[in-house]
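Reproduced below: input-v1.txt, with compact mmCIF, C-alpha atoms and all ligand atoms.
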# COMPACT_ATOMS: atom_id res chain seq x y z
CA MET A 1 317.47 -166.80 138.81
CA LYS A 2 314.97 -164.44 137.20
CA ALA A 3 314.83 -160.70 136.59
CA LEU A 4 312.51 -158.13 135.07
CA ILE A 5 313.72 -154.83 133.64
CA LEU A 6 311.19 -152.00 133.36
CA VAL A 7 311.77 -150.60 129.91
CA GLY A 8 308.58 -148.67 129.29
CA GLY A 9 307.87 -145.00 129.16
CA PHE A 10 308.80 -142.76 126.26
CA GLY A 11 312.09 -141.45 127.60
CA THR A 12 310.90 -137.89 126.94
CA ARG A 13 313.44 -136.42 129.35
CA LEU A 14 316.29 -137.80 127.23
CA ARG A 15 315.07 -136.20 124.00
CA PRO A 16 316.33 -135.59 121.35
CA LEU A 17 318.30 -138.88 121.66
CA THR A 18 315.14 -140.88 122.36
CA LEU A 19 313.55 -139.58 119.16
CA THR A 20 315.99 -141.92 117.40
CA LEU A 21 316.45 -144.85 119.79
CA PRO A 22 314.47 -146.10 122.81
CA LYS A 23 316.19 -144.98 126.02
CA PRO A 24 317.56 -148.41 126.98
CA LEU A 25 319.39 -148.64 123.67
CA VAL A 26 321.07 -145.24 123.89
CA GLU A 27 324.77 -145.94 124.41
CA PHE A 28 326.13 -145.14 127.83
CA ALA A 29 329.92 -145.41 127.85
CA ASN A 30 329.77 -146.93 124.36
CA LYS A 31 327.32 -149.69 125.25
CA PRO A 32 323.50 -149.71 125.13
CA MET A 33 322.38 -148.65 128.59
CA ILE A 34 320.46 -151.85 129.18
CA LEU A 35 323.44 -153.99 128.26
CA HIS A 36 325.23 -152.83 131.41
CA GLN A 37 322.34 -154.36 133.34
CA ILE A 38 321.99 -157.53 131.29
CA GLU A 39 325.72 -158.20 131.64
CA ALA A 40 325.64 -157.73 135.41
CA LEU A 41 322.53 -159.90 135.80
CA ALA A 42 324.09 -162.68 133.74
CA LYS A 43 327.24 -162.47 135.84
CA ALA A 44 325.16 -162.91 138.99
CA GLY A 45 323.66 -166.13 137.60
CA VAL A 46 320.38 -164.81 136.21
CA THR A 47 319.22 -166.92 133.29
CA ASP A 48 315.71 -165.57 132.65
CA ILE A 49 315.32 -161.87 131.86
CA VAL A 50 311.95 -160.30 131.14
CA LEU A 51 311.98 -156.95 129.38
CA ALA A 52 308.75 -155.13 130.16
CA VAL A 53 308.19 -152.89 127.14
CA ASN A 54 305.48 -150.73 125.66
CA TYR A 55 307.52 -148.72 123.17
CA GLN A 56 309.28 -149.73 119.95
CA PRO A 57 309.59 -153.42 120.74
CA GLU A 58 310.71 -154.29 117.16
CA VAL A 59 313.98 -152.38 117.34
CA MET A 60 314.59 -153.64 120.87
CA VAL A 61 313.96 -157.22 119.83
CA SER A 62 316.34 -156.98 116.90
CA VAL A 63 319.11 -155.39 118.95
CA LEU A 64 318.80 -157.47 122.10
CA LYS A 65 318.03 -160.93 120.78
CA LYS A 66 321.64 -161.27 119.65
CA TYR A 67 322.86 -160.85 123.21
CA GLU A 68 320.96 -163.93 124.40
CA GLU A 69 323.64 -166.23 123.11
CA LEU A 70 326.51 -163.97 124.06
CA TYR A 71 325.48 -163.82 127.72
CA ASN A 72 323.77 -167.19 127.84
CA VAL A 73 320.44 -165.81 129.07
CA ARG A 74 316.86 -166.10 127.87
CA ILE A 75 315.35 -162.70 127.10
CA THR A 76 311.56 -162.54 126.93
CA PHE A 77 309.76 -159.43 125.73
CA SER A 78 306.62 -158.79 127.70
CA VAL A 79 304.66 -156.27 125.67
CA GLU A 80 302.00 -154.08 127.26
CA HIS A 81 299.10 -152.86 125.14
CA GLU A 82 298.68 -149.93 127.44
CA PRO A 83 301.42 -148.65 129.78
CA LEU A 84 301.03 -150.64 133.01
CA GLY A 85 303.23 -148.41 135.15
CA THR A 86 305.97 -149.88 137.33
CA ALA A 87 303.99 -152.68 139.04
CA GLY A 88 301.49 -153.83 136.38
CA PRO A 89 304.31 -155.28 134.23
CA LEU A 90 305.25 -157.67 137.07
CA LYS A 91 301.72 -159.08 137.05
CA LEU A 92 301.77 -159.35 133.26
CA ALA A 93 304.95 -161.47 133.55
CA GLU A 94 303.54 -163.62 136.39
CA LYS A 95 304.02 -166.87 134.44
CA ILE A 96 307.78 -166.37 134.37
CA LEU A 97 308.36 -164.51 137.65
CA GLY A 98 306.05 -166.81 139.61
CA LYS A 99 307.12 -170.09 138.02
CA ASN A 100 308.92 -171.10 141.24
CA ASP A 101 309.36 -169.72 144.75
CA ASP A 102 312.76 -168.13 144.09
CA PRO A 103 312.95 -164.36 144.47
CA PHE A 104 313.48 -162.24 141.35
CA PHE A 105 315.29 -158.96 140.62
CA VAL A 106 313.49 -155.89 139.27
CA LEU A 107 315.34 -152.96 137.71
CA ASN A 108 314.54 -149.54 136.36
CA SER A 109 316.27 -149.46 133.00
CA ASP A 110 317.95 -146.07 133.46
CA VAL A 111 320.00 -146.58 136.62
CA ILE A 112 323.77 -146.98 136.45
CA CYS A 113 325.95 -148.24 139.32
CA ASP A 114 328.03 -151.25 140.29
CA TYR A 115 324.99 -153.52 140.45
CA PRO A 116 325.31 -155.42 143.75
CA PHE A 117 323.20 -158.43 142.73
CA ASP A 118 325.12 -161.16 144.59
CA ALA A 119 325.24 -159.30 147.90
CA LEU A 120 321.64 -158.18 147.50
CA ALA A 121 320.38 -161.75 147.00
CA LYS A 122 322.34 -162.93 150.03
CA PHE A 123 321.00 -160.13 152.21
CA HIS A 124 317.44 -160.73 151.03
CA LYS A 125 317.56 -164.45 151.77
CA ALA A 126 319.04 -163.76 155.21
CA HIS A 127 316.15 -161.55 156.41
CA GLY A 128 313.63 -163.84 154.74
CA GLN A 129 310.92 -161.23 154.15
CA GLU A 130 309.03 -160.19 151.06
CA GLY A 131 311.15 -157.47 149.52
CA THR A 132 314.46 -155.62 149.55
CA ILE A 133 315.14 -152.38 147.74
CA VAL A 134 318.56 -150.92 147.09
CA VAL A 135 318.94 -147.41 148.52
CA THR A 136 321.50 -144.67 148.05
CA LYS A 137 321.99 -141.20 149.49
CA VAL A 138 321.43 -138.11 147.36
CA GLU A 139 321.45 -134.38 148.02
CA GLU A 140 318.22 -133.63 146.16
CA PRO A 141 315.79 -136.41 147.15
CA SER A 142 312.57 -134.77 145.90
CA LYS A 143 312.80 -136.27 142.40
CA TYR A 144 313.07 -139.82 143.74
CA GLY A 145 311.31 -142.27 146.04
CA VAL A 146 312.46 -141.82 149.63
CA VAL A 147 312.67 -144.50 152.34
CA VAL A 148 312.16 -143.77 156.02
CA HIS A 149 313.32 -146.10 158.79
CA LYS A 150 312.08 -146.33 162.36
CA PRO A 151 314.77 -145.32 164.84
CA GLY A 152 316.68 -148.40 165.87
CA HIS A 153 315.59 -150.45 162.85
CA ALA A 154 318.63 -151.09 160.74
CA SER A 155 317.03 -152.17 157.51
CA ARG A 156 313.24 -152.52 157.89
CA ILE A 157 311.56 -149.67 156.03
CA ASP A 158 308.83 -147.85 157.88
CA ARG A 159 307.56 -145.59 155.10
CA PHE A 160 308.11 -145.23 151.37
CA VAL A 161 307.30 -141.81 149.91
CA GLU A 162 307.48 -141.32 146.14
CA LYS A 163 308.65 -137.85 145.03
CA PRO A 164 308.13 -136.22 148.44
CA VAL A 165 307.05 -132.60 148.42
CA GLU A 166 308.42 -132.06 151.91
CA PHE A 167 311.78 -133.36 153.11
CA VAL A 168 311.41 -136.77 154.78
CA GLY A 169 314.96 -138.06 154.35
CA ASN A 170 317.76 -138.42 151.82
CA ARG A 171 318.03 -142.19 151.39
CA ILE A 172 316.35 -142.90 148.10
CA ASN A 173 315.14 -145.82 146.07
CA ALA A 174 317.90 -146.67 143.60
CA GLY A 175 315.44 -148.49 141.31
CA ILE A 176 316.83 -151.98 142.00
CA TYR A 177 314.82 -154.57 143.93
CA ILE A 178 314.70 -158.22 144.85
CA LEU A 179 311.21 -159.51 145.58
CA ASN A 180 309.55 -162.77 146.54
CA PRO A 181 306.93 -164.04 144.08
CA THR A 182 304.28 -163.63 146.83
CA ILE A 183 304.30 -159.94 145.89
CA LEU A 184 302.46 -160.85 142.68
CA LYS A 185 299.35 -161.50 144.79
CA ARG A 186 299.35 -157.85 145.79
CA ILE A 187 299.37 -156.55 142.20
CA GLU A 188 296.39 -156.27 139.88
CA LEU A 189 296.70 -156.40 136.09
CA ARG A 190 296.12 -152.69 135.44
CA PRO A 191 298.29 -149.57 135.34
CA THR A 192 299.79 -149.54 138.84
CA SER A 193 302.77 -147.90 140.48
CA ILE A 194 305.04 -150.11 142.56
CA GLU A 195 306.30 -146.98 144.33
CA SER A 196 302.96 -145.41 145.20
CA GLU A 197 300.78 -148.47 145.72
CA ILE A 198 302.74 -151.67 146.33
CA PHE A 199 305.74 -150.55 148.45
CA PRO A 200 303.56 -148.68 150.96
CA ALA A 201 301.44 -151.84 151.37
CA ILE A 202 304.48 -154.08 151.96
CA CYS A 203 305.89 -151.51 154.38
CA ALA A 204 302.64 -151.56 156.32
CA ASP A 205 303.14 -155.31 156.79
CA GLY A 206 306.75 -154.72 157.91
CA GLU A 207 308.06 -156.83 155.02
CA LEU A 208 310.17 -154.30 153.10
CA HIS A 209 313.90 -153.90 153.77
CA SER A 210 316.60 -151.62 152.45
CA PHE A 211 320.08 -152.52 151.25
CA ASP A 212 322.65 -149.71 151.17
CA LEU A 213 324.52 -149.29 147.92
CA GLU A 214 328.24 -148.71 148.00
CA GLY A 215 329.88 -146.55 145.39
CA PHE A 216 328.36 -144.41 142.69
CA TRP A 217 324.78 -144.34 141.46
CA MET A 218 322.92 -142.26 138.90
CA ASP A 219 319.59 -142.22 137.10
CA VAL A 220 320.84 -141.29 133.64
CA GLY A 221 317.41 -140.60 132.16
CA GLN A 222 318.08 -136.91 131.44
CA PRO A 223 321.01 -135.18 129.68
CA LYS A 224 322.51 -133.41 132.68
CA ASP A 225 322.44 -136.59 134.76
CA PHE A 226 323.62 -138.64 131.78
CA LEU A 227 326.78 -136.52 131.70
CA THR A 228 327.26 -136.67 135.46
CA GLY A 229 326.65 -140.43 135.39
CA THR A 230 329.27 -140.75 132.64
CA CYS A 231 331.87 -139.01 134.85
CA LEU A 232 331.01 -141.25 137.80
CA TYR A 233 331.11 -144.40 135.70
CA LEU A 234 334.50 -143.49 134.16
CA SER A 235 336.03 -142.78 137.55
CA SER A 236 334.73 -146.10 138.83
CA LEU A 237 336.39 -147.82 135.84
CA ALA A 238 339.60 -146.01 136.73
CA LYS A 239 339.38 -147.12 140.37
CA LYS A 240 338.94 -150.73 139.32
CA GLY A 241 342.06 -150.37 137.22
CA GLY A 242 340.64 -152.18 134.18
CA LYS A 243 341.94 -151.74 130.66
CA GLU A 244 338.92 -149.99 129.16
CA LEU A 245 340.15 -146.42 129.61
CA THR A 246 342.59 -144.88 127.16
CA PRO A 247 345.77 -144.07 129.10
CA ALA A 248 347.60 -140.78 128.70
CA GLY A 249 351.12 -141.12 127.33
CA GLU A 250 353.14 -141.24 124.17
CA GLU A 251 350.77 -143.54 122.35
CA HIS A 252 347.80 -141.27 123.05
CA PRO A 253 349.34 -137.80 123.34
CA TYR A 254 345.92 -136.17 123.07
CA VAL A 255 344.69 -137.63 126.37
CA TYR A 256 344.92 -134.65 128.64
CA GLY A 257 344.42 -136.26 132.02
CA GLY A 258 341.27 -137.46 133.69
CA ASN A 259 339.30 -140.43 132.47
CA VAL A 260 338.80 -140.94 128.78
CA LEU A 261 337.14 -143.84 126.96
CA ILE A 262 337.82 -143.96 123.23
CA ASP A 263 336.59 -146.65 120.87
CA PRO A 264 339.57 -148.07 118.93
CA SER A 265 337.88 -147.30 115.60
CA ALA A 266 337.73 -143.54 116.31
CA LYS A 267 340.19 -141.28 114.47
CA ILE A 268 341.81 -138.47 116.46
CA GLY A 269 343.62 -135.58 114.76
CA LYS A 270 346.86 -133.87 115.72
CA ASN A 271 347.36 -131.62 118.75
CA CYS A 272 343.99 -132.37 120.34
CA ARG A 273 343.37 -132.06 124.05
CA ILE A 274 340.92 -134.67 125.29
CA GLY A 275 339.77 -135.06 128.88
CA PRO A 276 338.81 -135.30 131.59
CA ASN A 277 335.60 -137.33 131.35
CA VAL A 278 335.19 -137.95 127.63
CA VAL A 279 333.58 -140.88 125.81
CA ILE A 280 334.21 -141.26 122.09
CA GLY A 281 332.15 -143.84 120.20
CA PRO A 282 332.98 -146.06 117.23
CA GLY A 283 333.59 -144.44 113.86
CA VAL A 284 333.97 -140.96 115.34
CA THR A 285 336.37 -138.48 113.72
CA VAL A 286 337.99 -135.70 115.72
CA GLY A 287 339.85 -133.02 113.74
CA ASP A 288 343.15 -131.33 114.58
CA GLY A 289 343.44 -129.15 117.64
CA ALA A 290 340.01 -130.01 119.06
CA ARG A 291 339.44 -129.51 122.78
CA LEU A 292 337.04 -132.00 124.40
CA GLN A 293 336.07 -132.30 128.04
CA ARG A 294 333.13 -133.77 129.95
CA CYS A 295 331.35 -134.85 126.81
CA VAL A 296 330.08 -137.83 124.86
CA LEU A 297 330.50 -138.25 121.10
CA LEU A 298 328.13 -140.93 119.84
CA LYS A 299 328.82 -143.31 116.96
CA ASN A 300 329.94 -141.87 113.60
CA SER A 301 329.86 -138.26 114.74
CA LYS A 302 332.47 -135.75 113.64
CA VAL A 303 334.11 -132.90 115.50
CA LYS A 304 336.06 -130.69 113.11
CA ASP A 305 339.37 -128.87 113.64
CA HIS A 306 339.70 -126.57 116.65
CA ALA A 307 336.17 -127.12 117.94
CA TRP A 308 335.74 -126.70 121.73
CA VAL A 309 333.21 -129.09 123.27
CA LYS A 310 332.23 -129.32 126.92
CA SER A 311 329.22 -130.71 128.84
CA THR A 312 327.71 -131.84 125.56
CA ILE A 313 326.33 -135.00 123.97
CA VAL A 314 326.99 -135.11 120.24
CA GLY A 315 324.38 -137.39 118.64
CA TRP A 316 325.02 -140.16 116.13
CA ASN A 317 326.21 -138.97 112.70
CA SER A 318 326.27 -135.32 113.77
CA THR A 319 328.94 -132.82 112.79
CA VAL A 320 330.41 -130.02 114.88
CA GLY A 321 332.00 -127.32 112.71
CA ARG A 322 335.50 -125.81 112.90
CA TRP A 323 336.10 -123.42 115.78
CA ALA A 324 332.56 -124.13 117.02
CA ARG A 325 332.00 -123.93 120.76
CA LEU A 326 329.42 -126.13 122.51
CA GLU A 327 328.80 -126.16 126.25
CA ASN A 328 326.33 -125.95 129.14
CA VAL A 329 324.49 -129.27 128.52
CA THR A 330 324.03 -129.13 124.78
CA VAL A 331 322.52 -132.26 123.21
CA LEU A 332 322.61 -132.78 119.46
CA GLY A 333 320.18 -135.37 118.10
CA ASP A 334 320.98 -137.73 115.23
CA ASP A 335 322.48 -136.18 112.08
CA VAL A 336 322.70 -132.57 113.26
CA THR A 337 325.14 -130.12 111.70
CA VAL A 338 326.59 -127.24 113.70
CA GLY A 339 328.25 -124.73 111.37
CA ASP A 340 331.82 -123.43 111.61
CA GLU A 341 332.48 -120.87 114.36
CA ILE A 342 328.99 -121.33 115.85
CA TYR A 343 328.42 -121.01 119.60
CA VAL A 344 325.78 -123.18 121.32
CA ASN A 345 325.18 -122.37 124.97
CA GLY A 346 323.04 -125.35 126.00
CA GLY A 347 319.75 -126.91 124.91
CA SER A 348 318.62 -129.62 122.52
CA VAL A 349 318.80 -129.79 118.76
CA LEU A 350 316.36 -132.18 117.11
CA PRO A 351 317.55 -134.73 114.53
CA HIS A 352 318.57 -133.60 111.02
CA LYS A 353 318.76 -129.89 111.87
CA THR A 354 321.50 -127.51 110.74
CA ILE A 355 322.57 -124.72 113.09
CA LYS A 356 323.81 -121.63 111.28
CA THR A 357 323.40 -118.93 113.93
CA ASN A 358 324.64 -118.78 117.53
CA ILE A 359 322.43 -120.04 120.33
CA GLU A 360 323.23 -117.70 123.20
CA VAL A 361 320.68 -119.00 125.70
CA PRO A 362 319.70 -122.66 126.13
CA ALA A 363 316.96 -123.50 123.62
CA ILE A 364 315.19 -126.37 121.91
CA VAL A 365 315.82 -126.22 118.18
CA MET A 366 313.18 -128.02 116.13
N1 LIG A 401 307.11 -151.48 131.16
C1 LIG A 401 306.90 -150.27 131.64
N2 LIG A 401 305.64 -149.74 131.57
N3 LIG A 401 307.93 -149.60 132.19
C2 LIG A 401 307.67 -148.36 132.66
C3 LIG A 401 306.41 -147.74 132.60
C4 LIG A 401 305.32 -148.49 132.00
O1 LIG A 401 304.18 -148.07 131.92
N4 LIG A 401 306.51 -146.50 133.14
C5 LIG A 401 307.79 -146.35 133.52
N5 LIG A 401 308.51 -147.47 133.22
C6 LIG A 401 309.93 -147.71 133.51
C7 LIG A 401 310.89 -146.67 132.98
O2 LIG A 401 311.39 -147.02 131.70
C8 LIG A 401 312.02 -146.74 134.00
O3 LIG A 401 312.94 -147.77 133.68
C9 LIG A 401 311.31 -147.13 135.28
O4 LIG A 401 310.05 -147.69 134.91
C10 LIG A 401 311.10 -145.95 136.22
O5 LIG A 401 310.45 -144.93 135.52
P1 LIG A 401 311.03 -143.45 135.46
O6 LIG A 401 310.09 -142.64 134.64
O7 LIG A 401 312.46 -143.47 135.08
O8 LIG A 401 310.83 -143.04 136.98
P2 LIG A 401 311.64 -141.99 137.84
O9 LIG A 401 313.05 -141.93 137.44
O10 LIG A 401 310.88 -140.71 137.83
O11 LIG A 401 311.50 -142.62 139.33
C11 LIG A 401 311.81 -143.99 139.58
O12 LIG A 401 313.22 -144.17 139.65
C12 LIG A 401 313.90 -143.51 140.76
C13 LIG A 401 315.35 -143.88 140.68
O13 LIG A 401 315.89 -143.45 139.51
C14 LIG A 401 311.16 -144.42 140.92
O14 LIG A 401 311.33 -145.81 141.02
C15 LIG A 401 311.80 -143.71 142.13
O15 LIG A 401 311.26 -144.23 143.32
C16 LIG A 401 313.30 -143.95 142.11
O16 LIG A 401 313.91 -143.23 143.18
MG MG A 402 314.19 -142.66 135.87
What do you get writing this file as structure tokens?
Amino acid sequence: MKALILVGGFGTRLRPLTLTLPKPLVEFANKPMILHQIEALAKAGVTDIVLAVNYQPEVMVSVLKKYEELYNVRITFSVEHEPLGTAGPLKLAEKILGKNDDPFFVLNSDVICDYPFDALAKFHKAHGQEGTIVVTKVEEPSKYGVVVHKPGHASRIDRFVEKPVEFVGNRINAGIYILNPTILKRIELRPTSIESEIFPAICADGELHSFDLEGFWMDVGQPKDFLTGTCLYLSSLAKKGGKELTPAGEEHPYVYGGNVLIDPSAKIGKNCRIGPNVVIGPGVTVGDGARLQRCVLLKNSKVKDHAWVKSTIVGWNSTVGRWARLENVTVLGDDVTVGDEIYVNGGSVLPHKTIKTNIEVPAIVM
């Protein structure tokens, strides 16, 4: 089977992290975001993956090429010279996606869930029409694409409204599709939106269906949602009962309940309290008596003694000083230093900065 992952855009909403790495390579639960998707696609029998990119292809190529062998898939980079939106990239990759009549998967690169590829393919083949999109329910639908069904129609979508201004429903596009290659005839090679131009056209022909997602879902393309998505992902790992999480107990006395994922190479000091909902990356050092909850410490970062960190992403190679307190969706970019006893009450700190005075209200530090 074939798949295309939409990897374009500049990831501006996930700055300052995306000033250092393209969004799909930012680690989510200690693994590049896009690797969660590549792994799941490979598991579902996909052998051809197209990455539709228009931003930093060199670093992506170097990082992702090595996974081809590991997952036994062919990864092709389809590079746009101008951003082609969310539909144009499908046309650009027509040679691969249209090489046979089999349907192909399409994914937004920033959505995290238990990807239901097997069940989705089965469902799609059973109704036999042009497209199926995965939908999920959210409380705040206005920042997504919303699907509307006719009364009595279980899965056929009547209307697709991208970012509705008025409430039309709360079942939203989860950014995961399976489409027949005939859709390529509907798309022109120019910047085009699949949500605003192509889905409405397929709906009008009665050929677009929805597939309800079970379990958690999150678009992790902005810091607040990245943290929420991390909590959801960790609790789903816990439910599955796998061995990834670090269990509380004598061996890990610092795990203070809730779900905690710690890379084995991280060093944790004495008398720490870690959890719930914490991810600690490789090479991280946590000093004595630190208190961590609902936060992510990226690779090679350092949290010094007695620091208190909550609702925060600590960027790669950054340092949080002794007795510092970080909270309220604080994001430190790469190589940031927060001084001892400093308080940061939310906001973003750009790479290589040093914070020497308190930040009392959320701010962008450049
Ligand atoms: N190759 C390429 N070229 N990819 C692009 C481009 C482009 O010009 N523009 C955006 N993308 C990619 C992004 O990297 C992302 O993976 C995906 O297309 C969707 O773009 P976002 O910018 O993340 O859109 P959104 O989050 O506002 O809305 C989309 O996702 C929601 C679910 O998270 C829409 O598909 C909504 O309908 C959907 O509900
Ligand atoms: Mg998004």
Please identify all polymer residues within 9 Å of stretch 307-312 of chain A, counting only C-alpha atoms, omitting same-chain residues fewer than 4 positions from it, and present them as an MDAnalysis selection string. chainID A and resid 223:224 227 287:297 303 320:332 340:341 346
Produce a table with one row for each residue of stretch 194-279 of chain A that has an atom at most 6 Å from any atom of stretch 133-150 of chain A, each row naming the nearest atom pair and its distance in Å at one decimal; use only C-alpha atoms; arrange rows by chain and rising residue number; format as a Markdown table.
| residue | atom | partner | partner_atom | distance |
| --- | --- | --- | --- | --- |
| A:Ser210 | CA | A:Ile133 | CA | 5.0 |
| A:Phe211 | CA | A:Val134 | CA | 4.7 |
| A:Asp212 | CA | A:Val135 | CA | 5.1 |
| A:Leu213 | CA | A:Thr136 | CA | 5.5 |
With C-alpha atoms retained, could you export that selection as an mmCIF file, in the frame of the given file?
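This is the output file again.cif:
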data_model
loop_
_atom_site.group_PDB
_atom_site.id
_atom_site.type_symbol
_atom_site.label_atom_id
_atom_site.label_comp_id
_atom_site.auth_asym_id
_atom_site.auth_seq_id
_atom_site.Cartn_x
_atom_site.Cartn_y
_atom_site.Cartn_z
ATOM 1 C CA SER A 210 316.600 -151.620 152.450
ATOM 2 C CA PHE A 211 320.080 -152.520 151.250
ATOM 3 C CA ASP A 212 322.650 -149.710 151.170
ATOM 4 C CA LEU A 213 324.520 -149.290 147.920
#
Site check for ligand LIG 401 (chain A): residues at most 6 Å away, only C-alpha atoms and all ligand atoms, as a PyMOL selection string: chain A and resi 6-9+52-54+83-86+89+108-111+144-145+162+172-175+195+219
Residue neighbourhood stretch 91-104 of chain A, 9 Å, all atoms listed in the file, exclusion window fewer than 6 positions, as a list of chain:residue names: A:Met1, A:Lys2, A:Ala3, A:Leu4, A:Val46, A:Asp48, A:Val50, A:Ala52, A:Ser78, A:Val79, A:Glu80, A:Leu84, A:Ala121, A:His124, A:Lys125, A:Glu130, A:Gly131, A:Tyr177, A:Ile178, A:Leu179, A:Asn180, A:Pro181, A:Thr182, A:Leu184, A:Lys185, A:Ile187, A:Glu188, A:Leu189, A:Arg190
Which residue is closest to ligand MG 402 (chain A)? Choose from A:Thr20, A:Ser348, A:Gln129, A:Gln222 and count all atoms listed in the file. A:Gln222
Taking a cut-off of 7 Å and counting all atoms listed in the file, can you build a table that, for each residue of stretch 229-337 of chain A near stretch 23-42 of chain A, reports the nearest atom pair and how far apart they are in Å (one decimal), sorted by chain then residue number, as CSV?
residue,atom,partner,partner_atom,distance
A:Thr230,CA,A:Ala29,CA,6.7
A:Val279,CA,A:Ala29,CA,6.2
A:Gly281,CA,A:Asn30,CA,5.7
Those residues with C-alpha atoms, as a PDB file, keeping the file's coordinate frame please?
ATOM      1  CA  THR A 230     329.270-140.750 132.640  1.00  0.00           C
ATOM      2  CA  VAL A 279     333.580-140.880 125.810  1.00  0.00           C
ATOM      3  CA  GLY A 281     332.150-143.840 120.200  1.00  0.00           C
TER       4      GLY A 281
END
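Distance-wise, atom CA of A:Asp305 and atom CA of A:Val286 end up 7.3 Å apart.
The space separating atom CA of A:Tyr254 from atom CA of A:Cys272 comes to 5.1 Å.
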